[in-house]
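work17.cif follows (mmCIF, C-alpha atoms):
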```cif
data_run
loop_
_atom_site.label_atom_id
_atom_site.label_comp_id
_atom_site.auth_asym_id
_atom_site.auth_seq_id
_atom_site.Cartn_x
_atom_site.Cartn_y
_atom_site.Cartn_z
CA MET U 1143 2.20 -13.70 -0.07
CA GLU U 1144 5.10 -16.07 -0.63
CA ASN U 1145 7.18 -15.60 -3.80
CA LEU U 1146 5.79 -12.09 -4.40
CA ASN U 1147 8.47 -9.68 -5.55
CA ILE U 1148 7.98 -5.93 -5.92
CA ARG U 1149 10.41 -4.33 -8.35
CA GLU U 1150 10.77 -1.33 -10.60
CA PHE U 1151 8.97 -1.35 -13.93
CA THR U 1152 11.13 -2.14 -16.95
CA ASP U 1153 10.34 -1.50 -20.62
CA GLY U 1154 9.72 -5.22 -21.14
CA ASP U 1155 6.83 -5.07 -18.64
CA ALA U 1156 4.68 -2.79 -20.81
CA THR U 1157 2.57 -5.45 -22.53
CA ALA U 1158 1.87 -7.43 -19.36
CA THR U 1159 1.02 -4.34 -17.28
CA ALA U 1160 -1.29 -2.99 -19.99
CA GLN U 1161 -3.15 -6.30 -19.85
CA ILE U 1162 -3.31 -6.16 -16.04
CA TYR U 1163 -4.85 -2.68 -16.26
CA PHE U 1164 -7.42 -3.82 -18.84
CA ASP U 1165 -8.38 -6.98 -16.94
CA ALA U 1166 -8.57 -5.17 -13.60
CA VAL U 1167 -10.93 -2.56 -15.03
CA ARG U 1168 -13.04 -4.88 -17.16
CA LEU U 1169 -13.23 -7.87 -14.79
CA GLY U 1170 -12.27 -6.59 -11.34
CA THR U 1171 -14.72 -3.67 -11.06
CA THR U 1172 -17.97 -5.36 -12.12
CA GLN U 1173 -19.39 -4.94 -8.63
CA PHE U 1174 -19.14 -1.15 -8.87
CA TYR U 1175 -19.36 -0.08 -12.53
CA ASP U 1176 -21.68 -1.23 -15.28
CA ASN U 1177 -20.44 -2.52 -18.64
CA ARG U 1178 -20.75 0.85 -20.40
CA GLN U 1179 -18.66 2.50 -17.69
CA ARG U 1180 -16.00 -0.21 -17.78
CA VAL U 1181 -15.77 -0.03 -21.59
CA ALA U 1182 -15.44 3.77 -21.43
CA TRP U 1183 -12.70 3.41 -18.81
CA ALA U 1184 -10.80 0.73 -20.73
CA GLU U 1185 -12.13 0.30 -24.27
CA LYS U 1186 -9.22 -1.94 -25.24
CA VAL U 1187 -5.84 -3.02 -23.94
CA PRO U 1188 -3.65 0.11 -24.08
CA ASP U 1189 -1.16 0.45 -26.91
CA THR U 1190 2.13 -0.98 -25.65
CA ASP U 1191 4.31 1.96 -26.72
CA GLU U 1192 1.96 4.60 -25.28
CA TRP U 1193 1.55 2.58 -22.09
CA ARG U 1194 5.33 2.14 -21.72
CA GLU U 1195 5.79 5.90 -22.09
CA ARG U 1196 3.10 6.60 -19.48
CA LEU U 1197 4.82 4.32 -16.95
CA GLN U 1198 8.30 5.65 -17.80
CA LEU U 1199 7.16 9.17 -16.84
CA GLN U 1200 6.43 8.04 -13.27
CA HIS U 1201 8.05 5.93 -10.57
CA SER U 1202 6.41 2.67 -11.55
CA PHE U 1203 6.54 -0.62 -9.71
CA VAL U 1204 5.28 -4.07 -10.59
CA ALA U 1205 4.37 -7.08 -8.51
CA GLN U 1206 5.82 -10.32 -9.82
CA LEU U 1207 4.59 -13.68 -8.62
CA ASN U 1208 6.75 -16.56 -9.79
CA ALA U 1209 7.34 -15.75 -13.48
CA GLY U 1210 4.30 -13.54 -14.10
CA LEU U 1211 3.31 -9.99 -13.33
CA VAL U 1212 0.23 -9.59 -11.14
CA GLY U 1213 0.03 -5.87 -10.32
CA LEU U 1214 1.34 -2.37 -10.83
CA MET U 1215 1.35 0.95 -8.99
CA THR U 1216 2.78 4.32 -9.97
CA LEU U 1217 3.87 7.50 -8.19
CA ASP U 1218 4.67 10.85 -9.75
CA ASP U 1219 7.11 13.45 -8.42
CA HIS U 1220 4.30 15.34 -6.66
CA GLY U 1221 2.98 12.37 -4.68
CA HIS U 1222 0.09 11.40 -6.95
CA ILE U 1223 -0.65 7.70 -7.36
CA ASP U 1224 -1.96 7.50 -10.91
CA LEU U 1225 -2.29 3.75 -11.42
CA ALA U 1226 -2.96 0.99 -8.89
CA PHE U 1227 -4.14 -2.29 -10.41
CA VAL U 1228 -3.99 -5.99 -9.54
CA VAL U 1229 -5.06 -9.01 -11.58
CA PRO U 1230 -8.68 -9.78 -10.64
CA ASP U 1231 -7.96 -13.23 -9.19
CA LEU U 1232 -5.54 -11.76 -6.64
CA ILE U 1233 -7.55 -8.75 -5.45
CA GLY U 1234 -7.59 -8.83 -1.67
CA LYS U 1235 -4.62 -11.21 -1.41
CA GLY U 1236 -1.93 -8.69 -0.39
CA VAL U 1237 -0.54 -7.68 -3.79
CA ALA U 1238 -1.79 -4.08 -3.61
CA ARG U 1239 -0.56 -3.78 -0.02
CA ALA U 1240 2.94 -4.89 -1.03
CA LEU U 1241 2.97 -2.45 -3.95
CA TYR U 1242 1.71 0.35 -1.73
CA GLU U 1243 4.43 -0.27 0.86
CA ARG U 1244 7.01 0.11 -1.91
CA ILE U 1245 5.34 3.31 -3.17
CA GLU U 1246 5.25 4.72 0.35
CA ALA U 1247 8.95 3.91 0.86
CA GLU U 1248 9.77 5.55 -2.49
CA ALA U 1249 7.83 8.67 -1.51
CA LEU U 1250 9.71 8.91 1.77
CA ARG U 1251 13.02 8.38 -0.02
CA ARG U 1252 12.19 11.24 -2.38
CA GLY U 1253 11.01 13.56 0.41
CA ILE U 1254 7.38 13.50 -0.72
CA GLY U 1255 5.35 14.16 2.41
CA ARG U 1256 1.81 13.80 1.08
CA LEU U 1257 0.23 11.28 -1.28
CA ASP U 1258 -3.02 11.62 -3.20
CA THR U 1259 -5.05 9.72 -5.75
CA ALA U 1260 -8.39 9.58 -7.55
CA ALA U 1261 -9.59 6.13 -6.50
CA SER U 1262 -12.33 3.91 -7.86
CA TYR U 1263 -14.83 2.37 -5.48
CA LEU U 1264 -12.55 -0.64 -5.04
CA GLY U 1265 -9.46 1.55 -4.71
CA GLN U 1266 -11.21 3.69 -2.12
CA ARG U 1267 -11.71 0.63 0.09
CA PHE U 1268 -8.04 -0.26 -0.22
CA PHE U 1269 -6.71 3.24 0.49
CA LYS U 1270 -9.03 3.68 3.48
CA ARG U 1271 -7.46 0.55 4.99
CA GLN U 1272 -4.07 2.26 4.60
CA GLY U 1273 -5.32 5.23 6.65
CA TRP U 1274 -6.27 7.53 3.78
CA SER U 1275 -9.21 9.95 3.84
CA VAL U 1276 -11.74 10.80 1.16
CA ILE U 1277 -11.51 14.49 0.30
CA ARG U 1278 -14.47 14.40 -2.07
CA GLN U 1279 -16.49 12.15 -4.32
CA GLN U 1280 -16.60 13.21 -7.94
CA SER U 1281 -18.09 12.17 -11.26
CA VAL U 1282 -15.76 12.23 -14.23
CA MET U 1283 -16.79 11.97 -17.85
CA MET U 1284 -15.15 9.14 -19.78
CA GLY U 1285 -16.36 8.84 -23.33
CA ASP U 1286 -20.08 9.40 -23.06
CA VAL U 1287 -20.62 8.11 -19.51
CA PHE U 1288 -19.91 9.34 -16.01
CA LEU U 1289 -17.80 7.35 -13.55
CA THR U 1290 -17.69 8.03 -9.86
CA ASN U 1291 -14.34 8.15 -8.12
CA PHE U 1292 -12.90 9.56 -4.92
CA VAL U 1293 -10.20 12.15 -4.44
CA MET U 1294 -8.18 10.85 -1.51
CA GLU U 1295 -5.05 11.66 0.47
#
```
Now that the file is in, can you turn its structure into C-alpha coordinates?
Amino acid sequence: MENLNIREFTDGDATATAQIYFDAVRLGTTQFYDNRQRVAWAEKVPDTDEWRERLQLQHSFVAQLNAGLVGLMTLDDHGHIDLAFVVPDLIGKGVARALYERIEAEALRRGIGRLDTAASYLGQRFFKRQGWSVIRQQSVMMGDVFLTNFVME
(Lines of atoms letter the chains of each structure in order from A and count residues from 1; the text may use other names and numbers.)
(Lines give C-alpha, C1' and ligand atoms only; values in the text may rest on other atoms or scores of the structure.)
Protein backbone atom coordinates (compact mmCIF):
# COMPACT_ATOMS: atom_id res chain seq x y z
CA MET A 1 0.00 0.00 0.00
CA GLU A 2 1.51 3.27 -1.16
CA ASN A 3 2.12 5.97 1.47
CA LEU A 4 1.77 3.48 4.36
CA ASN A 5 4.32 4.10 7.08
CA ILE A 6 4.91 1.78 10.04
CA ARG A 7 6.46 3.53 13.02
CA GLU A 8 6.77 3.25 16.77
CA PHE A 9 3.83 4.36 18.89
CA THR A 10 4.19 7.77 20.51
CA ASP A 11 2.18 9.20 23.40
CA GLY A 12 0.29 11.46 21.00
CA ASP A 13 -1.10 8.37 19.23
CA ALA A 14 -3.14 7.19 22.22
CA THR A 15 -6.48 8.77 21.31
CA ALA A 16 -6.37 7.70 17.65
CA THR A 17 -5.29 4.12 18.45
CA ALA A 18 -7.97 3.76 21.12
CA GLN A 19 -10.53 4.74 18.48
CA ILE A 20 -9.03 2.26 15.99
CA TYR A 21 -9.38 -0.51 18.58
CA PHE A 22 -13.00 0.42 19.33
CA ASP A 23 -14.00 0.71 15.66
CA ALA A 24 -12.22 -2.51 14.70
CA VAL A 25 -14.03 -4.45 17.43
CA ARG A 26 -17.44 -2.83 17.04
CA LEU A 27 -17.53 -2.55 13.23
CA GLY A 28 -14.88 -4.92 11.89
CA THR A 29 -15.96 -8.12 13.67
CA THR A 30 -19.71 -8.12 12.95
CA GLN A 31 -19.34 -11.22 10.79
CA PHE A 32 -18.06 -13.25 13.75
CA TYR A 33 -19.44 -11.80 16.99
CA ASP A 34 -22.92 -10.62 17.86
CA ASN A 35 -23.66 -7.17 19.28
CA ARG A 36 -23.61 -8.31 22.92
CA GLN A 37 -20.19 -9.88 22.43
CA ARG A 38 -18.79 -6.81 20.68
CA VAL A 39 -20.12 -4.50 23.41
CA ALA A 40 -18.60 -6.74 26.10
CA TRP A 41 -15.28 -6.70 24.25
CA ALA A 42 -15.27 -2.93 23.72
CA GLU A 43 -18.02 -1.21 25.71
CA LYS A 44 -16.62 2.24 24.92
CA VAL A 45 -13.52 3.84 23.48
CA PRO A 46 -10.74 3.14 26.01
CA ASP A 47 -9.68 5.93 28.35
CA THR A 48 -6.77 7.72 26.66
CA ASP A 49 -4.45 7.70 29.68
CA GLU A 50 -5.05 4.01 30.48
CA TRP A 51 -4.70 3.10 26.81
CA ARG A 52 -1.45 5.08 26.49
CA GLU A 53 -0.05 3.26 29.52
CA ARG A 54 -1.05 -0.13 28.08
CA LEU A 55 0.77 0.61 24.82
CA GLN A 56 3.81 2.10 26.59
CA LEU A 57 4.32 -1.21 28.44
CA GLN A 58 4.82 -3.05 25.14
CA HIS A 59 6.68 -2.58 21.87
CA SER A 60 3.87 -0.84 20.05
CA PHE A 61 3.73 0.11 16.40
CA VAL A 62 1.22 2.10 14.39
CA ALA A 63 0.39 2.20 10.72
CA GLN A 64 0.09 5.71 9.33
CA LEU A 65 -1.51 6.39 5.97
CA ASN A 66 -1.03 9.96 4.81
CA ALA A 67 -1.81 12.01 7.94
CA GLY A 68 -3.98 9.48 9.77
CA LEU A 69 -3.41 6.34 11.79
CA VAL A 70 -5.02 3.19 10.39
CA GLY A 71 -3.71 0.33 12.54
CA LEU A 72 -1.72 -0.82 15.54
CA MET A 73 0.07 -3.95 16.72
CA THR A 74 1.93 -4.67 19.94
CA LEU A 75 4.57 -7.12 21.13
CA ASP A 76 5.64 -7.80 24.70
CA ASP A 77 9.09 -8.94 25.86
CA HIS A 78 7.99 -12.60 25.85
CA GLY A 79 6.77 -12.67 22.25
CA HIS A 80 3.06 -12.18 22.90
CA ILE A 81 1.11 -10.06 20.41
CA ASP A 82 -1.54 -8.46 22.60
CA LEU A 83 -3.19 -6.04 20.17
CA ALA A 84 -3.56 -6.24 16.39
CA PHE A 85 -6.22 -3.92 14.95
CA VAL A 86 -6.86 -2.13 11.66
CA VAL A 87 -9.56 0.39 10.77
CA PRO A 88 -12.50 -1.57 9.32
CA ASP A 89 -12.35 0.03 5.86
CA LEU A 90 -8.76 -1.17 5.37
CA ILE A 91 -9.06 -4.75 6.63
CA GLY A 92 -7.55 -7.01 4.00
CA LYS A 93 -5.63 -4.20 2.28
CA GLY A 94 -2.13 -4.97 3.61
CA VAL A 95 -2.04 -2.82 6.74
CA ALA A 96 -1.93 -5.76 9.18
CA ARG A 97 0.70 -7.48 7.04
CA ALA A 98 2.95 -4.39 7.15
CA LEU A 99 2.51 -4.10 10.92
CA TYR A 100 3.21 -7.80 11.37
CA GLU A 101 6.42 -7.59 9.34
CA ARG A 102 7.59 -4.82 11.67
CA ILE A 103 6.63 -6.86 14.76
CA GLU A 104 8.45 -9.90 13.40
CA ALA A 105 11.58 -7.82 12.71
CA GLU A 106 11.39 -6.36 16.23
CA ALA A 107 11.10 -9.85 17.72
CA LEU A 108 14.15 -11.01 15.79
CA ARG A 109 16.07 -7.91 16.84
CA ARG A 110 15.27 -8.65 20.48
CA GLY A 111 16.13 -12.35 20.20
CA ILE A 112 12.53 -13.49 20.69
CA GLY A 113 12.30 -16.83 18.91
CA ARG A 114 8.60 -17.62 19.31
CA LEU A 115 5.50 -15.47 18.97
CA ASP A 116 2.02 -16.19 20.30
CA THR A 117 -1.36 -14.52 20.51
CA ALA A 118 -5.01 -15.06 21.41
CA ALA A 119 -6.66 -14.21 18.09
CA SER A 120 -10.25 -13.44 17.21
CA TYR A 121 -11.88 -15.24 14.30
CA LEU A 122 -10.67 -12.50 11.95
CA GLY A 123 -7.21 -12.45 13.53
CA GLN A 124 -6.98 -16.21 13.22
CA ARG A 125 -7.43 -15.95 9.46
CA PHE A 126 -4.69 -13.34 9.26
CA PHE A 127 -2.18 -15.21 11.42
CA LYS A 128 -2.79 -18.48 9.56
CA ARG A 129 -1.78 -16.68 6.35
CA GLN A 130 1.48 -15.75 8.10
CA GLY A 131 2.18 -19.44 8.79
CA TRP A 132 0.89 -19.59 12.36
CA SER A 133 -0.86 -22.61 13.89
CA VAL A 134 -3.88 -22.79 16.17
CA ILE A 135 -2.91 -24.40 19.46
CA ARG A 136 -6.45 -24.44 20.81
CA GLN A 137 -9.81 -22.73 20.56
CA GLN A 138 -11.08 -21.25 23.79
CA SER A 139 -14.06 -19.37 25.18
CA VAL A 140 -13.28 -16.40 27.39
CA MET A 141 -15.75 -14.59 29.59
CA MET A 142 -16.01 -10.85 28.94
CA GLY A 143 -18.61 -9.14 31.04
CA ASP A 144 -21.52 -11.55 31.03
CA VAL A 145 -20.90 -13.20 27.64
CA PHE A 146 -18.45 -15.70 26.20
CA LEU A 147 -16.24 -14.90 23.23
CA THR A 148 -14.41 -17.49 21.22
CA ASN A 149 -10.78 -16.90 20.36
CA PHE A 150 -7.78 -18.96 19.31
CA VAL A 151 -4.48 -19.43 21.06
CA MET A 152 -1.93 -19.38 18.25
CA GLU A 153 1.82 -19.47 17.71
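Every protein or nucleic acid residue with an atom no more than 8 Å from Met1284 of chain U, counting all atoms listed in the file and leaving out same-chain residues fewer than 2 positions away, appears here: Gln1179, Ala1182, Trp1183, Val1282, Asp1286, Val1287, Phe1288 and Leu1289 of chain U.
The residues returned by the PyMOL selection byres ((chain U and resi 1174-1178) around 12) on the shown structure are Ala1166, Val1167, Arg1168, Leu1169, Gly1170, Thr1171, Thr1172, Gln1173, Gln1179, Arg1180, Val1181, Ala1182, Trp1183, Ala1184, Glu1185, Ser1262, Tyr1263, Leu1264, Gly1265, Gln1266, Arg1267, Met1284, Gly1285, Asp1286, Val1287, Phe1288, Leu1289, Thr1290 and Asn1291 of chain U.
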File of the preceding selection, C-alpha atoms, as a PDB file, keeping the file's coordinate frame:
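To be explicit, this is the file written out as result20.pdb:
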```pdb
ATOM      1  CA  ALA U1166      -8.570  -5.170 -13.600  1.00  0.00           C
ATOM      2  CA  VAL U1167     -10.930  -2.560 -15.030  1.00  0.00           C
ATOM      3  CA  ARG U1168     -13.040  -4.880 -17.160  1.00  0.00           C
ATOM      4  CA  LEU U1169     -13.230  -7.870 -14.790  1.00  0.00           C
ATOM      5  CA  GLY U1170     -12.270  -6.590 -11.340  1.00  0.00           C
ATOM      6  CA  THR U1171     -14.720  -3.670 -11.060  1.00  0.00           C
ATOM      7  CA  THR U1172     -17.970  -5.360 -12.120  1.00  0.00           C
ATOM      8  CA  GLN U1173     -19.390  -4.940  -8.630  1.00  0.00           C
ATOM      9  CA  GLN U1179     -18.660   2.500 -17.690  1.00  0.00           C
ATOM     10  CA  ARG U1180     -16.000  -0.210 -17.780  1.00  0.00           C
ATOM     11  CA  VAL U1181     -15.770  -0.030 -21.590  1.00  0.00           C
ATOM     12  CA  ALA U1182     -15.440   3.770 -21.430  1.00  0.00           C
ATOM     13  CA  TRP U1183     -12.700   3.410 -18.810  1.00  0.00           C
ATOM     14  CA  ALA U1184     -10.800   0.730 -20.730  1.00  0.00           C
ATOM     15  CA  GLU U1185     -12.130   0.300 -24.270  1.00  0.00           C
ATOM     16  CA  SER U1262     -12.330   3.910  -7.860  1.00  0.00           C
ATOM     17  CA  TYR U1263     -14.830   2.370  -5.480  1.00  0.00           C
ATOM     18  CA  LEU U1264     -12.550  -0.640  -5.040  1.00  0.00           C
ATOM     19  CA  GLY U1265      -9.460   1.550  -4.710  1.00  0.00           C
ATOM     20  CA  GLN U1266     -11.210   3.690  -2.120  1.00  0.00           C
ATOM     21  CA  ARG U1267     -11.710   0.630   0.090  1.00  0.00           C
ATOM     22  CA  MET U1284     -15.150   9.140 -19.780  1.00  0.00           C
ATOM     23  CA  GLY U1285     -16.360   8.840 -23.330  1.00  0.00           C
ATOM     24  CA  ASP U1286     -20.080   9.400 -23.060  1.00  0.00           C
ATOM     25  CA  VAL U1287     -20.620   8.110 -19.510  1.00  0.00           C
ATOM     26  CA  PHE U1288     -19.910   9.340 -16.010  1.00  0.00           C
ATOM     27  CA  LEU U1289     -17.800   7.350 -13.550  1.00  0.00           C
ATOM     28  CA  THR U1290     -17.690   8.030  -9.860  1.00  0.00           C
ATOM     29  CA  ASN U1291     -14.340   8.150  -8.120  1.00  0.00           C
TER      30      ASN U1291
END
```
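Among the candidate residues U:Asp1165, U:Asp1155, U:Asp1231, U:Glu1248, the one lying nearest to His1201 of chain U is U:Glu1248, with distances computed using only C-alpha atoms.
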Inset, instruction - Choose the residue, out of U:Leu1199, U:Leu1250, U:Ala1260, U:Ala1240, that has the smallest atom-to-atom separation from Gln1272 of chain U; count all atoms listed in the file. - result: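 The shortest atom-to-atom distance to Gln1272 of chain U comes from U:Ala1240.
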Legend entry - Reference answer for the PyMOL selection byres ((chain U and resi 1208-1211) around 10), as a PyMOL selection string: chain U and resi 1144-1148+1155+1158-1159+1161-1162+1204-1207+1212-1214+1228-1229
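Coordinates place atom CA of Thr1216 of chain U at a distance of 13.8 Å from atom CA of Ile1254 of chain U.
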Legend entry - Val1293 of chain U surroundings by only C-alpha atoms, 12 Å radius, close-in-sequence under 3 positions cut, as a list in words: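 Residues near the query, excluding close chain neighbours: His1222, Ile1223, Asp1224, Leu1257, Asp1258, Thr1259, Ala1260, Ala1261, Ser1262, Tyr1263, Gly1265, Gln1266, Phe1269, Lys1270, Trp1274, Ser1275, Val1276, Ile1277, Arg1278, Gln1279, Gln1280, Ser1281, Val1282 and Thr1290 of chain U.
Nearest to Gly1234 of chain U of all the residues U:Thr1157, U:Gln1200, U:Asp1219, U:Arg1271 is U:Arg1271, based on only C-alpha atoms.
Atom pair atom CA of Glu1295 of chain U / atom CA of Gly1255 of chain U: separated by 10.9 Å.
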Inset, instruction - Rounded to one decimal place, report the atom CA of Phe1292 of chain U-atom CA of Glu1195 of chain U distance in Å. - result: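 Between atom CA of Phe1292 of chain U and atom CA of Glu1195 of chain U the gap is 25.6 Å.
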Inset, instruction - Enumerate, as a PyMOL selection string, the residues matched when the PyMOL selection byres ((chain U and resi 1153) around 10) is run on the file above. - result: chain U and resi 1151-1152+1154-1157+1190-1191+1193-1195+1197-1198
Inset, instruction - Would you please work out which residue, of U:Val1187, U:Ala1238, U:Met1143, U:Gly1221, is nearest to Met1294 of chain U when using all atoms listed in the file? - result: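 Distance minimum relative to Met1294 of chain U lands on U:Gly1221.
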